[in-house]
Amino acid sequence: MASLNVYFALVVLLLTCGAAMATKENDQIIKDNNCETKMGLPCVLEAFTSTFETGAISSNCCGELVGLGKVCHSALVKRTLENPLFKDLSPARIIAKSIQPWNNCLALIDSPSPSA
């Protein structure tokens with residue numbers, strides 16, 4: 001029975017360390033890339049809504065999202081998921097859902113504008 005308790009304690013320790021390492025990694029990415037300063041609040045709210053709720057991103061905010069960069073976008077989504085307010089959400093589903101607005105915005109920004 002004691003070995004079971006030790007095993008359980010090790011599993012908890014490894015999971016806790018893994019979560020702390022992921023948090024530190026995301027925080028470092030966000031800091032190194034100045035991710036929190038690259039989008040205005042209205043566009044942050046649009047991106048958040050399109051990822052964590054239901055909504056679309058305007059073409060203006062698509063420009064800001066693509067300017068933010070995929071590394072920052074991913075790190076910010078993952079850090080948001082670490083917040084206890086979002087503990088009931090499926091991280092895999094949210095991360096998959098976050099790819100949709102990114103791809104849509106990338107296609108919008110990369111597509112040639114119609115000539116007059």
# chains A, B, ... in the order shown; residues from 1 in each chain; ligands from 1
>>> residues_around(residues="Cys61 (chain A)", least_positions_apart="2", cutoff="8 Å", atoms="only C-alpha atoms", output="PyMOL selection string")
chain A and resi 43+46-47+57-59+63-65
>>> residues_around(residues="region 71-74 of chain A", least_positions_apart="3", cutoff="12 Å", atoms="only C-alpha atoms", output="ChimeraX atom specification")
/A:25-39,44,47-48,51,62,64-68,77-81,91,94-103
>>> atom_distance(atom1="CA of Ser111 (chain A)", atom2="CA of Asn60 (chain A)")
14.2 Å
>>> closest_residue(among="A:Gly69, A:Leu41, A:Leu106, A:Glu53", to="Leu89 (chain A)", atoms="only C-alpha atoms")
A:Glu53
